[in-house]
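> Please find protein10.cif (mmCIF, C-alpha atoms) on the next line:
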data_structure
loop_
_atom_site.label_atom_id
_atom_site.label_comp_id
_atom_site.auth_asym_id
_atom_site.auth_seq_id
_atom_site.Cartn_x
_atom_site.Cartn_y
_atom_site.Cartn_z
CA MET A 1 -12.57 164.57 85.37
CA THR A 2 -11.95 160.80 85.48
CA SER A 3 -13.89 158.23 87.43
CA GLY A 4 -11.28 155.60 88.17
CA GLY A 5 -12.74 152.80 85.97
CA ASP A 6 -12.00 152.00 82.29
CA VAL A 7 -14.72 154.31 81.14
CA THR A 8 -14.80 156.87 78.38
CA VAL A 9 -15.78 160.22 79.79
CA SER A 10 -16.56 163.25 77.70
CA PRO A 11 -16.66 166.70 79.35
CA GLY A 12 -20.02 167.51 80.85
CA ASN A 13 -21.32 163.93 80.65
CA VAL A 14 -22.05 161.46 83.46
CA PRO A 15 -19.59 158.53 83.31
CA VAL A 16 -21.42 155.53 81.78
CA TYR A 17 -19.95 152.98 84.19
CA HIS A 18 -20.86 155.07 87.24
CA LYS A 19 -24.45 155.53 86.07
CA ASN A 20 -24.98 151.80 85.31
CA ASN A 21 -23.44 150.87 88.64
CA LEU A 22 -25.81 153.22 90.46
CA GLU A 23 -28.77 151.71 88.63
CA VAL A 24 -27.80 148.19 89.72
CA ILE A 25 -27.45 149.37 93.36
CA ASP A 26 -30.79 151.17 93.04
CA ARG A 27 -32.59 148.08 91.84
CA ARG A 28 -31.07 145.80 94.51
CA VAL A 29 -31.85 148.28 97.27
CA LYS A 30 -35.43 148.58 96.00
CA VAL A 31 -35.90 144.79 95.97
CA ALA A 32 -34.47 144.51 99.52
CA GLU A 33 -36.84 147.29 100.57
CA VAL A 34 -39.93 145.54 99.15
CA VAL A 35 -38.94 142.20 100.74
CA LEU A 36 -38.31 143.81 104.15
CA ARG A 37 -41.54 145.83 104.05
CA CYS A 38 -43.63 142.76 103.15
CA MET A 39 -41.86 140.78 105.90
CA ILE A 40 -42.58 143.47 108.50
CA CYS A 41 -46.20 143.56 107.37
CA GLY A 42 -46.65 139.79 107.80
CA LEU A 43 -44.58 139.38 110.97
CA GLY A 44 -46.05 142.53 112.55
CA ILE A 45 -49.55 141.06 112.19
CA LEU A 46 -48.34 137.69 113.52
CA ALA A 47 -46.71 139.33 116.58
CA ALA A 48 -49.84 141.40 117.25
CA VAL A 49 -52.11 138.34 116.96
CA LEU A 50 -49.87 136.21 119.21
CA VAL A 51 -49.71 138.92 121.88
CA GLY A 52 -53.37 139.93 121.53
CA SER A 53 -54.68 136.36 121.87
CA ASP A 54 -52.44 135.62 124.85
CA THR A 55 -54.51 134.50 127.80
CA GLN A 56 -54.50 131.70 130.38
CA VAL A 57 -56.94 130.61 133.05
CA ARG A 58 -55.70 128.77 136.15
CA GLU A 59 -57.60 127.31 139.05
CA ILE A 60 -55.62 127.59 142.26
CA PHE A 61 -57.59 125.72 144.86
CA THR A 62 -61.12 126.85 144.15
CA ILE A 63 -60.05 130.30 142.99
CA ARG A 64 -60.20 130.93 139.24
CA LYS A 65 -57.45 133.26 138.08
CA LYS A 66 -56.95 134.63 134.60
CA ALA A 67 -53.87 136.16 133.03
CA LYS A 68 -54.39 138.23 129.90
CA PHE A 69 -52.11 140.43 127.87
CA THR A 70 -53.79 143.63 129.09
CA ASP A 71 -52.44 142.87 132.58
CA MET A 72 -49.00 143.79 131.24
CA LYS A 73 -49.19 147.30 129.79
CA ALA A 74 -45.93 146.78 127.87
CA LEU A 75 -47.59 143.98 125.87
CA VAL A 76 -50.41 146.35 124.92
CA PHE A 77 -47.78 148.84 123.70
CA LEU A 78 -46.03 146.02 121.80
CA LEU A 79 -49.29 144.97 120.15
CA ILE A 80 -50.15 148.54 119.11
CA ALA A 81 -46.63 149.26 117.82
CA ASN A 82 -46.54 146.05 115.76
CA GLY A 83 -50.05 146.64 114.43
CA ILE A 84 -49.13 150.16 113.30
CA ALA A 85 -45.85 148.88 111.82
CA ALA A 86 -47.76 146.26 109.82
CA GLY A 87 -50.23 148.83 108.44
CA TYR A 88 -47.46 151.33 107.69
CA SER A 89 -45.36 148.69 105.93
CA PHE A 90 -48.35 147.55 103.89
CA ILE A 91 -48.87 151.06 102.53
CA GLN A 92 -45.13 151.52 101.95
CA SER A 93 -44.75 148.20 100.11
CA LEU A 94 -47.62 149.21 97.81
CA ARG A 95 -45.70 152.42 97.06
CA CYS A 96 -42.51 150.41 96.41
CA VAL A 97 -44.24 147.97 94.08
CA VAL A 98 -45.86 150.84 92.14
CA SER A 99 -42.50 152.61 91.77
CA VAL A 100 -40.81 149.37 90.60
CA ILE A 101 -43.60 148.72 88.04
CA ARG A 102 -43.45 152.31 86.80
CA GLY A 103 -39.65 152.07 86.69
CA SER A 104 -39.27 155.35 88.62
CA LEU A 105 -36.61 154.15 91.06
CA LEU A 106 -35.30 157.58 92.03
CA VAL A 107 -37.37 159.54 94.50
CA ASN A 108 -37.52 163.29 95.01
CA LYS A 109 -36.32 164.97 98.20
CA PRO A 110 -39.68 165.70 99.91
CA LEU A 111 -40.81 162.08 99.40
CA ALA A 112 -37.42 160.73 100.54
CA TRP A 113 -37.66 162.92 103.68
CA ALA A 114 -41.17 161.66 104.40
CA ILE A 115 -40.16 157.99 104.02
CA PHE A 116 -36.97 158.53 106.06
CA SER A 117 -38.90 160.21 108.91
CA GLY A 118 -41.62 157.55 108.95
CA ASP A 119 -39.09 154.69 108.99
CA GLN A 120 -36.99 156.30 111.73
CA VAL A 121 -40.00 156.90 113.98
CA MET A 122 -41.24 153.34 113.44
CA ALA A 123 -37.78 151.85 114.11
CA TYR A 124 -37.34 153.68 117.43
CA VAL A 125 -40.95 153.08 118.54
CA LEU A 126 -40.66 149.35 117.77
CA MET A 127 -37.35 149.13 119.61
CA ALA A 128 -38.77 150.99 122.62
CA ALA A 129 -41.86 148.75 122.67
CA PHE A 130 -39.69 145.65 122.53
CA ALA A 131 -37.39 146.89 125.30
CA ALA A 132 -40.32 147.76 127.57
CA ALA A 133 -41.93 144.35 126.98
CA ALA A 134 -38.60 142.61 127.55
CA GLN A 135 -38.19 144.45 130.87
CA SER A 136 -41.69 143.43 132.00
CA SER A 137 -41.02 139.85 130.94
CA VAL A 138 -37.80 139.68 132.93
CA ILE A 139 -39.69 140.77 136.05
CA ALA A 140 -42.50 138.29 135.27
CA GLU A 141 -39.99 135.48 134.75
CA MET A 142 -37.57 136.19 137.60
CA GLY A 143 -39.52 138.42 139.97
CA GLN A 144 -38.02 141.37 141.86
CA PRO A 145 -37.64 139.97 145.38
CA GLU A 146 -36.30 143.25 146.83
CA TRP A 147 -39.67 144.83 146.22
CA GLN A 148 -41.84 141.75 146.67
CA TRP A 149 -42.79 141.64 143.01
CA MET A 150 -43.39 137.92 142.65
CA LYS A 151 -42.69 135.69 139.67
CA VAL A 152 -45.73 135.20 137.46
CA CYS A 153 -44.39 132.79 134.87
CA ASN A 154 -44.31 129.77 137.18
CA LEU A 155 -48.08 130.22 137.58
CA TYR A 156 -48.92 131.06 133.96
CA GLU A 157 -46.47 129.04 131.89
CA LYS A 158 -48.49 128.91 128.67
CA PHE A 159 -49.19 132.65 128.89
CA CYS A 160 -45.49 133.47 129.26
CA THR A 161 -44.44 131.11 126.46
CA GLN A 162 -46.86 132.69 124.00
CA ALA A 163 -45.82 136.22 125.06
CA GLY A 164 -42.19 135.15 124.53
CA GLU A 165 -42.97 133.89 121.01
CA GLY A 166 -44.69 137.18 120.21
CA MET A 167 -41.68 139.08 121.51
CA VAL A 168 -39.16 137.09 119.45
CA ILE A 169 -41.17 137.94 116.33
CA ALA A 170 -41.44 141.58 117.47
CA LEU A 171 -37.64 141.62 117.78
CA VAL A 172 -37.31 140.41 114.17
CA VAL A 173 -39.78 143.13 113.13
CA SER A 174 -37.73 145.77 115.00
CA LEU A 175 -34.45 144.66 113.43
CA SER A 176 -36.03 144.63 109.97
CA MET A 177 -37.36 148.14 110.51
CA ILE A 178 -33.91 149.29 111.65
CA THR A 179 -32.42 147.85 108.43
CA LEU A 180 -35.14 149.62 106.44
CA SER A 181 -34.35 152.88 108.17
CA PHE A 182 -30.75 152.51 106.93
CA ILE A 183 -32.07 151.99 103.39
CA SER A 184 -34.29 155.06 103.54
CA ALA A 185 -31.40 157.10 105.02
CA PHE A 186 -29.27 155.90 102.07
CA ASN A 187 -32.04 156.86 99.62
CA LEU A 188 -32.42 160.30 101.19
CA PHE A 189 -28.90 161.45 101.94
CA ARG A 190 -27.28 160.42 98.69
CA LEU A 191 -29.56 163.01 97.11
CA TYR A 192 -27.24 165.44 98.94
CA GLY A 193 -24.30 163.69 97.35
CA GLU A 194 -20.87 165.05 96.70
CA THR A 195 -19.88 165.55 93.10
CA GLU A 196 -17.77 162.91 91.44
CA ALA A 197 -14.61 164.98 91.82
CA GLN A 198 -14.85 164.83 95.62
CA ASN A 199 -15.79 161.19 95.75
CA ARG A 200 -12.89 159.12 94.41
CA GLY A 201 -11.56 155.83 95.71
CA GLY A 202 -12.80 153.59 98.54
CA TRP A 203 -15.72 151.22 98.44
CA MET B 204 -25.00 170.80 82.26
CA THR B 205 -26.50 173.64 84.27
CA SER B 206 -26.92 173.75 88.02
CA GLY B 207 -30.08 175.87 88.38
CA GLY B 208 -28.45 178.91 90.05
CA ASP B 209 -26.88 181.98 88.41
CA VAL B 210 -23.53 180.27 88.22
CA THR B 211 -21.04 180.05 85.42
CA VAL B 212 -20.25 176.43 84.70
CA SER B 213 -17.57 175.28 82.32
CA PRO B 214 -17.64 171.68 81.03
CA GLY B 215 -15.88 169.27 83.36
CA ASN B 216 -15.75 171.70 86.27
CA VAL B 217 -17.59 171.55 89.58
CA PRO B 218 -20.03 174.49 89.84
CA VAL B 219 -18.49 177.10 92.18
CA TYR B 220 -21.77 177.93 93.92
CA HIS B 221 -22.54 174.26 94.59
CA LYS B 222 -19.09 173.61 96.05
CA ASN B 223 -19.21 176.64 98.37
CA ASN B 224 -22.71 175.70 99.47
CA LEU B 225 -21.54 172.18 100.35
CA GLU B 226 -18.65 173.59 102.38
CA VAL B 227 -21.02 175.79 104.39
CA ILE B 228 -23.31 172.80 105.08
CA ASP B 229 -20.25 170.73 105.98
CA ARG B 230 -19.04 173.27 108.51
CA ARG B 231 -22.47 173.73 110.13
CA VAL B 232 -23.02 169.98 110.35
CA LYS B 233 -19.58 169.57 111.92
CA VAL B 234 -20.27 172.27 114.53
CA ALA B 235 -23.66 170.69 115.37
CA GLU B 236 -21.89 167.34 115.69
CA VAL B 237 -19.26 168.66 118.13
CA VAL B 238 -21.92 170.44 120.24
CA LEU B 239 -24.13 167.33 120.39
CA ARG B 240 -21.24 165.01 121.21
CA CYS B 241 -20.01 167.27 124.03
CA MET B 242 -23.59 167.53 125.33
CA ILE B 243 -24.02 163.76 125.34
CA CYS B 244 -20.69 163.38 127.13
CA GLY B 245 -21.70 165.80 129.91
CA LEU B 246 -25.32 164.73 130.24
CA GLY B 247 -24.45 161.03 130.00
CA ILE B 248 -22.13 161.38 132.99
CA LEU B 249 -24.78 163.39 134.88
CA ALA B 250 -27.46 160.76 134.19
CA ALA B 251 -25.12 157.95 135.27
CA VAL B 252 -24.15 159.78 138.49
CA LEU B 253 -27.77 160.60 139.35
CA VAL B 254 -28.88 157.01 138.80
CA GLY B 255 -25.77 155.46 140.40
CA SER B 256 -26.04 157.55 143.58
CA ASP B 257 -29.77 156.91 143.93
CA THR B 258 -30.51 155.36 147.30
CA GLN B 259 -32.96 155.87 150.17
CA VAL B 260 -33.28 154.38 153.64
CA ARG B 261 -36.66 154.20 155.35
CA GLU B 262 -37.60 152.98 158.79
CA ILE B 263 -41.00 151.34 158.77
CA PHE B 264 -41.80 150.62 162.41
CA THR B 265 -38.50 149.25 163.65
CA ILE B 266 -37.57 147.68 160.33
CA ARG B 267 -34.89 149.48 158.36
CA LYS B 268 -35.45 149.19 154.60
CA LYS B 269 -33.17 150.44 151.89
CA ALA B 270 -33.91 151.10 148.22
CA LYS B 271 -30.94 151.33 145.88
CA PHE B 272 -30.63 151.56 142.13
CA THR B 273 -29.37 147.98 141.81
CA ASP B 274 -32.79 146.76 142.99
CA MET B 275 -34.11 147.83 139.61
CA LYS B 276 -32.10 146.07 136.93
CA ALA B 277 -33.30 148.51 134.26
CA LEU B 278 -31.59 151.36 136.14
CA VAL B 279 -28.32 149.41 136.08
CA PHE B 280 -28.72 149.02 132.29
CA LEU B 281 -29.51 152.76 132.02
CA LEU B 282 -26.39 153.67 134.03
CA ILE B 283 -24.13 151.42 131.93
CA ALA B 284 -25.62 152.64 128.64
CA ASN B 285 -25.21 156.31 129.60
CA GLY B 286 -21.70 155.73 130.91
CA ILE B 287 -20.66 154.05 127.67
CA ALA B 288 -22.37 156.81 125.64
CA ALA B 289 -20.44 159.46 127.58
CA GLY B 290 -17.09 157.71 126.97
CA TYR B 291 -17.88 157.06 123.32
CA SER B 292 -18.95 160.69 122.78
CA PHE B 293 -15.81 161.97 124.49
CA ILE B 294 -13.60 160.04 122.06
CA GLN B 295 -15.77 161.07 119.09
CA SER B 296 -15.73 164.76 120.05
CA LEU B 297 -11.94 164.65 120.25
CA ARG B 298 -11.94 163.24 116.71
CA CYS B 299 -14.33 166.02 115.58
CA VAL B 300 -12.23 168.78 117.15
CA VAL B 301 -9.05 167.39 115.56
CA SER B 302 -10.72 167.23 112.13
CA VAL B 303 -12.03 170.83 112.51
CA ILE B 304 -8.56 172.09 113.55
CA ARG B 305 -6.90 170.23 110.69
CA GLY B 306 -9.58 171.52 108.32
CA SER B 307 -10.22 168.01 106.94
CA LEU B 308 -14.00 168.13 107.07
CA LEU B 309 -14.66 165.37 104.57
CA VAL B 310 -14.21 161.81 105.78
CA ASN B 311 -13.44 158.67 103.82
CA LYS B 312 -15.90 155.81 103.48
CA PRO B 313 -14.43 153.29 105.98
CA LEU B 314 -14.28 155.98 108.70
CA ALA B 315 -17.79 157.20 107.84
CA TRP B 316 -19.06 153.60 108.06
CA ALA B 317 -17.39 153.13 111.46
CA ILE B 318 -18.86 156.37 112.86
CA PHE B 319 -22.29 155.59 111.38
CA SER B 320 -22.32 152.08 112.89
CA GLY B 321 -21.16 153.29 116.31
CA ASP B 322 -23.74 156.08 116.42
CA GLN B 323 -26.58 153.80 115.32
CA VAL B 324 -25.74 151.14 117.92
CA MET B 325 -25.48 153.78 120.66
CA ALA B 326 -28.78 155.42 119.63
CA TYR B 327 -30.73 152.15 119.73
CA VAL B 328 -29.07 150.92 122.94
CA LEU B 329 -29.79 154.25 124.69
CA MET B 330 -33.40 154.20 123.50
CA ALA B 331 -33.83 150.57 124.64
CA ALA B 332 -32.28 151.35 128.05
CA PHE B 333 -34.57 154.34 128.48
CA ALA B 334 -37.67 152.35 127.47
CA ALA B 335 -36.82 149.51 129.87
CA ALA B 336 -36.21 151.96 132.74
CA ALA B 337 -39.44 153.81 131.90
CA GLN B 338 -41.37 150.53 132.01
CA SER B 339 -39.90 149.64 135.42
CA SER B 340 -40.67 153.13 136.69
CA VAL B 341 -44.29 152.91 135.61
CA ILE B 342 -44.66 149.68 137.58
CA ALA B 343 -42.85 151.23 140.57
CA GLU B 344 -45.06 154.32 140.41
CA MET B 345 -48.43 152.71 139.70
CA GLY B 346 -47.96 149.08 140.66
CA GLN B 347 -49.45 146.15 138.75
CA PRO B 348 -52.40 145.14 140.96
CA GLU B 349 -53.41 142.16 138.75
CA TRP B 350 -50.18 140.43 139.69
CA GLN B 351 -49.78 141.85 143.19
CA TRP B 352 -46.77 143.93 142.22
CA MET B 353 -47.10 146.75 144.72
CA LYS B 354 -46.27 150.43 144.28
CA VAL B 355 -42.83 151.31 145.56
CA CYS B 356 -42.75 155.05 144.97
CA ASN B 357 -45.12 155.91 147.81
CA LEU B 358 -42.59 154.30 150.16
CA TYR B 359 -39.41 155.66 148.56
CA GLU B 360 -40.37 159.10 147.26
CA LYS B 361 -36.88 160.63 147.19
CA PHE B 362 -35.50 157.51 145.47
CA CYS B 363 -38.14 157.68 142.73
CA THR B 364 -37.72 161.44 142.22
CA GLN B 365 -33.97 161.09 141.72
CA ALA B 366 -34.43 158.13 139.36
CA GLY B 367 -36.96 160.24 137.43
CA GLU B 368 -34.47 163.10 137.11
CA GLY B 369 -31.83 160.68 135.84
CA MET B 370 -34.30 159.31 133.32
CA VAL B 371 -35.29 162.72 131.97
CA ILE B 372 -31.61 163.45 131.34
CA ALA B 373 -31.17 159.98 129.81
CA LEU B 374 -34.05 160.80 127.46
CA VAL B 375 -32.28 164.00 126.35
CA VAL B 376 -29.10 161.93 125.82
CA SER B 377 -31.07 159.40 123.72
CA LEU B 378 -32.67 162.08 121.56
CA SER B 379 -29.30 163.80 121.05
CA MET B 380 -27.76 160.49 120.01
CA ILE B 381 -30.63 159.89 117.57
CA THR B 382 -29.99 163.33 116.04
CA LEU B 383 -26.29 162.49 115.82
CA SER B 384 -27.07 159.21 114.10
CA PHE B 385 -28.91 161.24 111.42
CA ILE B 386 -25.83 163.42 110.99
CA SER B 387 -23.51 160.44 110.62
CA ALA B 388 -25.97 158.83 108.16
CA PHE B 389 -25.88 162.09 106.18
CA ASN B 390 -22.07 162.12 106.28
CA LEU B 391 -21.89 158.50 105.13
CA PHE B 392 -24.56 158.14 102.49
CA ARG B 393 -23.87 161.33 100.60
CA LEU B 394 -20.51 159.75 99.78
CA TYR B 395 -22.67 157.48 97.60
CA GLY B 396 -24.25 160.57 96.07
CA GLU B 397 -25.90 160.94 92.73
CA THR B 398 -24.15 163.08 90.18
CA GLU B 399 -25.31 166.66 89.70
CA ALA B 400 -27.26 165.78 86.54
CA GLN B 401 -29.61 163.50 88.52
CA ASN B 402 -29.94 165.87 91.42
CA ARG B 403 -31.67 169.02 90.21
CA GLY B 404 -34.35 171.03 91.95
CA GLY B 405 -35.91 170.49 95.39
CA TRP B 406 -34.43 171.50 98.73
#
Show me this structure written as C-alpha cells.

Amino acid sequence: MTSGGDVTVSPGNVPVYHKNNLEVIDRRVKVAEVVLRCMICGLGILAAVLVGSDTQVREIFTIRKKAKFTDMKALVFLLIANGIAAGYSFIQSLRCVVSVIRGSLLVNKPLAWAIFSGDQVMAYVLMAAFAAAAQSSVIAEMGQPEWQWMKVCNLYEKFCTQAGEGMVIALVVSLSMITLSFISAFNLFRLYGETEAQNRGGW
Amino acid sequence: MTSGGDVTVSPGNVPVYHKNNLEVIDRRVKVAEVVLRCMICGLGILAAVLVGSDTQVREIFTIRKKAKFTDMKALVFLLIANGIAAGYSFIQSLRCVVSVIRGSLLVNKPLAWAIFSGDQVMAYVLMAAFAAAAQSSVIAEMGQPEWQWMKVCNLYEKFCTQAGEGMVIALVVSLSMITLSFISAFNLFRLYGETEAQNRGGW
C-alpha cells in the first residue's frame, strides 16, 4: 500500500501526506464556499431590489401609462427566486462560518445530502428564472412581429435598463450558485470515495 | 482499522465487503447511466421532431395565416438544445456500452472531469431552453394584456397543443439530464474520496 509521494506509510495507517493534502483542499473549498454564499446573499438582495423597484411612468399624449415589474411575470419569478436564494445563502453561510470556527470541516452524509439537494434545487431554479426573464426581455426589446407582440423597450427605456441591470446581477447569482452546487457535490460524493488502492495517479 | 461490518480485515488490505459493495454500486450506477442516456437520446429526438414539425395554417376571413415554430425563438432554442442533447447522449451511451462490455467500470480523472463538465453544461442548457420556451408559451396561452401582447393559442390551437407536447417531453429530457449530471458528479468526486478511516458510519 503506497501512495505515490515520498511518504512513510505503516500498515493500517492513513498516509500523512495524503491526509495533510486533503485538509488543505478542505480548508480552501470551505473558504470558497463562504465567499460564494456571502456573495449570493448580497447580490441576490441587490437583484431583487433592482427588479422589485423597477417602474416607469410615461405620458403619451394625454394618456398616462405605467410600466411596473409585475407586468412581466418572469420578473416576479426572478425577484422571488433571488430573494429565496439570498435568504438560503444567508442561513448556509452562517452554518459555514460556525463549522469553520468550530474546526469541524468534515460533514456527515445526511447533512452533505441536505446541502447538496438544497444547492442543486436553488441552482436550477435560479437558472430557470433567469432564462424565463431573458426570454421575456428579448420579446420586450425586439418584439415578435409575427404575432403582433410589439416592442416595449422603446417606450419604457429606463424600465428596461433597470430590468437589464437586475438580470445581469441575477446571472452572476445563478453562476455562483452553480459553482456552489459543484462544491457541495464534491463535499457529498467524496464521502463515497474509493479506497487509496483504487485511486492512484492522475490529478 | 475496522470497517464496521462483520468483515475480516488484515492490515494494509482493502476490506473485502467494502470492495464488493462498491462494485455492486458501480454496476447499478452504470446501468442507470446507460438507460438514462438512451432515454435522453430517444426523447430528445422526439421533442425536436415534435417542435420542428409544429405548424398550423388558419384562414381568418380571406386572409391565410400561418404559425410555425420559428415564429417563437424559444422553440428554436428548445429544438437545438434537444437535438444536441440527443447527439451527445448517443455518443455517451456508446462509451458506456463499450466500458460495460470491456468491464472497465472505473474511469480516470480526466475522463470523469470531461463527462462531468459535458453533463453539467447539457443539464443547465436544457433547463434554460425549457424555461425560456415555457415563458413564451405562457404569454402565447394567456397573453400579456398590459403590453397588448395578444393570446395566440386561441387562434392556433393545434400548433399550441403540439408545442406543449414537445415541451413536456423536453422537460422529461431535462430532468433525466439533471439526474445524469448527479451520476457523473458521483463518478468524478468519489475519485477524490476520503480514506476509509474518515468515512465510517452513515448511509
> How far is it from CA of Ile342 (chain B) to CA of Met150 (chain A), in Å with one decimal?
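Separating CA of Ile342 (chain B) from CA of Met150 (chain A) is a distance of 12.9 Å.
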> Take the PyMOL selection byres ((chain A and resi 56) around 8), run it mentally on this structure, and tell me the resulting residues as a short mmCIF file (atom, residue, chain, number, x, y, z; two decimals) with C-alpha atoms, keeping the file's coordinate frame.

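Dumped everything to part_27.cif:
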data_model
loop_
_atom_site.label_atom_id
_atom_site.label_comp_id
_atom_site.auth_asym_id
_atom_site.auth_seq_id
_atom_site.Cartn_x
_atom_site.Cartn_y
_atom_site.Cartn_z
CA ASP A 54 -52.44 135.62 124.85
CA THR A 55 -54.51 134.50 127.80
CA VAL A 57 -56.94 130.61 133.05
CA ARG A 58 -55.70 128.77 136.15
CA LYS A 66 -56.95 134.63 134.60
CA ALA A 67 -53.87 136.16 133.03
CA LYS A 68 -54.39 138.23 129.90
CA TYR A 156 -48.92 131.06 133.96
CA LYS A 158 -48.49 128.91 128.67
CA PHE A 159 -49.19 132.65 128.89
#
> Provide the CA of Ala114 (chain A) to CA of Ser292 (chain B) distance in Å, to one decimal place.
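A separation of 28.9 Å between them.
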> List the neighbours of region 379-395 of chain B out to 9 Å using only C-alpha atoms; skip same-chain residues closer than 5 positions along the sequence, and give me the result as a VMD selection string.
(chain A and resid 22 182 185 to 195 198 to 199) or (chain B and resid 229 232 to 233 235 to 236 239 to 240 242 to 243 288 309 to 312 314 to 316 318 to 323 325 to 327 329 to 330 374)
> I'd like the neighbourhood of Trp350 (chain B) as a list of chain:residue names, where a residue qualifies if any of its atoms comes within 10 Å (using only C-alpha atoms), though same-chain residues fewer than 4 positions away should be ignored.
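My list of contacting residues is A:Ala67, A:Asp71, A:Met72, A:Ala140, A:Trp149, A:Met150, A:Lys151, A:Val152, B:Gly346.
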> Quick one: which residues end up in the PyMOL selection byres ((chain B and resi 335) around 7) for this structure, as a PDB file with C-alpha atoms, in the coordinates of the input?

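Saved as selection-v3.pdb:
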ATOM      1  CA  ALA A 131     -37.390 146.890 125.300  1.00  0.00           C
ATOM      2  CA  ALA A 132     -40.320 147.760 127.570  1.00  0.00           C
ATOM      3  CA  GLN A 135     -38.190 144.450 130.870  1.00  0.00           C
TER       4      GLN A 135
ATOM      5  CA  ALA B 277     -33.300 148.510 134.260  1.00  0.00           C
ATOM      6  CA  ALA B 331     -33.830 150.570 124.640  1.00  0.00           C
ATOM      7  CA  ALA B 332     -32.280 151.350 128.050  1.00  0.00           C
ATOM      8  CA  PHE B 333     -34.570 154.340 128.480  1.00  0.00           C
ATOM      9  CA  ALA B 334     -37.670 152.350 127.470  1.00  0.00           C
ATOM     10  CA  ALA B 336     -36.210 151.960 132.740  1.00  0.00           C
ATOM     11  CA  ALA B 337     -39.440 153.810 131.900  1.00  0.00           C
ATOM     12  CA  GLN B 338     -41.370 150.530 132.010  1.00  0.00           C
ATOM     13  CA  SER B 339     -39.900 149.640 135.420  1.00  0.00           C
TER      14      SER B 339
END
> Using only C-alpha atoms, which residue out of A:Ile60, A:Ile25, A:Val51, A:Cys41 lies closest to chain B?
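Result for the nearest residue to chain B: A:Ile25.
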> My list of candidates is A:Val173, A:Cys153, A:Ala163, A:Leu46. Which is closest to chain B when distances are computed with only C-alpha atoms?
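Distance minimum relative to chain B lands on A:Cys153.
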> Between B:Ile372, B:Val301, B:Leu281, B:Ala250, which one has atoms that come closest to chain A, using all atoms listed in the file?
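Closest residue, counting all atoms listed in the file: B:Leu281.
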> In Å, with one decimal, what is the gap from CA of Gln144 (chain A) to CA of Val371 (chain B)?
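CA of Gln144 (chain A) sits 23.7 Å away from CA of Val371 (chain B).
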> Using all atoms listed in the file, can you tell me which of B:Gly255, B:Gly245, B:Pro313, B:Gly286 comes closest to chain A?
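Smallest distance to chain A is found for B:Pro313.
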> I'd like the neighbourhood of Asn357 (chain B) as a list in words, where a residue qualifies if any of its atoms comes within 10 Å (using all atoms listed in the file), though same-chain residues fewer than 6 positions away should be ignored.
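Once the adjacent positions are removed, what remains is Ala343, Glu344, Met345 and Cys363 of chain B.
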> Between B:Val328, B:Met370, B:Val237, B:Ile287, which residue has the minimum interatomic distance to chain A, considering only C-alpha atoms?
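Between B:Val328, B:Met370, B:Val237, B:Ile287, the residue approaching chain A most closely is B:Val328.
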> Between B:Thr364, B:Gln295, B:Asn285, B:Ser256, which residue has the minimum interatomic distance to Val238 (chain B), considering all atoms listed in the file?
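Counting all atoms listed in the file, the residue closest to Val238 (chain B) is B:Gln295.
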> N, CA and C atoms are what I want for region 277-289 of chain B; can you complete it accordingly and write them as a PDB file, in the frame of the given file?

ATOM      1  N   ALA B 277     -33.243 147.591 135.406  1.00  0.00           N
ATOM      2  CA  ALA B 277     -33.300 148.510 134.260  1.00  0.00           C
ATOM      3  C   ALA B 277     -32.482 149.774 134.535  1.00  0.00           C
ATOM      4  N   LEU B 278     -32.390 150.176 135.804  1.00  0.00           N
ATOM      5  CA  LEU B 278     -31.590 151.360 136.140  1.00  0.00           C
ATOM      6  C   LEU B 278     -30.096 151.060 135.984  1.00  0.00           C
ATOM      7  N   VAL B 279     -29.721 149.822 136.276  1.00  0.00           N
ATOM      8  CA  VAL B 279     -28.320 149.410 136.080  1.00  0.00           C
ATOM      9  C   VAL B 279     -27.972 149.483 134.587  1.00  0.00           C
ATOM     10  N   PHE B 280     -28.886 148.979 133.751  1.00  0.00           N
ATOM     11  CA  PHE B 280     -28.720 149.020 132.290  1.00  0.00           C
ATOM     12  C   PHE B 280     -28.621 150.476 131.822  1.00  0.00           C
ATOM     13  N   LEU B 281     -29.495 151.339 132.399  1.00  0.00           N
ATOM     14  CA  LEU B 281     -29.510 152.760 132.020  1.00  0.00           C
ATOM     15  C   LEU B 281     -28.171 153.414 132.381  1.00  0.00           C
ATOM     16  N   LEU B 282     -27.669 153.105 133.587  1.00  0.00           N
ATOM     17  CA  LEU B 282     -26.390 153.670 134.030  1.00  0.00           C
ATOM     18  C   LEU B 282     -25.259 153.239 133.096  1.00  0.00           C
ATOM     19  N   ILE B 283     -25.206 151.928 132.798  1.00  0.00           N
ATOM     20  CA  ILE B 283     -24.130 151.420 131.930  1.00  0.00           C
ATOM     21  C   ILE B 283     -24.215 152.042 130.544  1.00  0.00           C
ATOM     22  N   ALA B 284     -25.449 152.093 129.992  1.00  0.00           N
ATOM     23  CA  ALA B 284     -25.620 152.640 128.640  1.00  0.00           C
ATOM     24  C   ALA B 284     -25.184 154.104 128.581  1.00  0.00           C
ATOM     25  N   ASN B 285     -25.568 154.885 129.601  1.00  0.00           N
ATOM     26  CA  ASN B 285     -25.210 156.310 129.600  1.00  0.00           C
ATOM     27  C   ASN B 285     -23.722 156.513 129.855  1.00  0.00           C
ATOM     28  N   GLY B 286     -23.140 155.657 130.677  1.00  0.00           N
ATOM     29  CA  GLY B 286     -21.700 155.730 130.910  1.00  0.00           C
ATOM     30  C   GLY B 286     -20.925 155.458 129.628  1.00  0.00           C
ATOM     31  N   ILE B 287     -21.329 154.387 128.929  1.00  0.00           N
ATOM     32  CA  ILE B 287     -20.660 154.050 127.670  1.00  0.00           C
ATOM     33  C   ILE B 287     -20.852 155.173 126.646  1.00  0.00           C
ATOM     34  N   ALA B 288     -22.088 155.724 126.587  1.00  0.00           N
ATOM     35  CA  ALA B 288     -22.370 156.810 125.640  1.00  0.00           C
ATOM     36  C   ALA B 288     -21.487 158.014 125.921  1.00  0.00           C
ATOM     37  N   ALA B 289     -21.271 158.315 127.210  1.00  0.00           N
ATOM     38  CA  ALA B 289     -20.440 159.460 127.580  1.00  0.00           C
ATOM     39  C   ALA B 289     -18.993 159.233 127.126  1.00  0.00           C
TER      40      ALA B 289
END
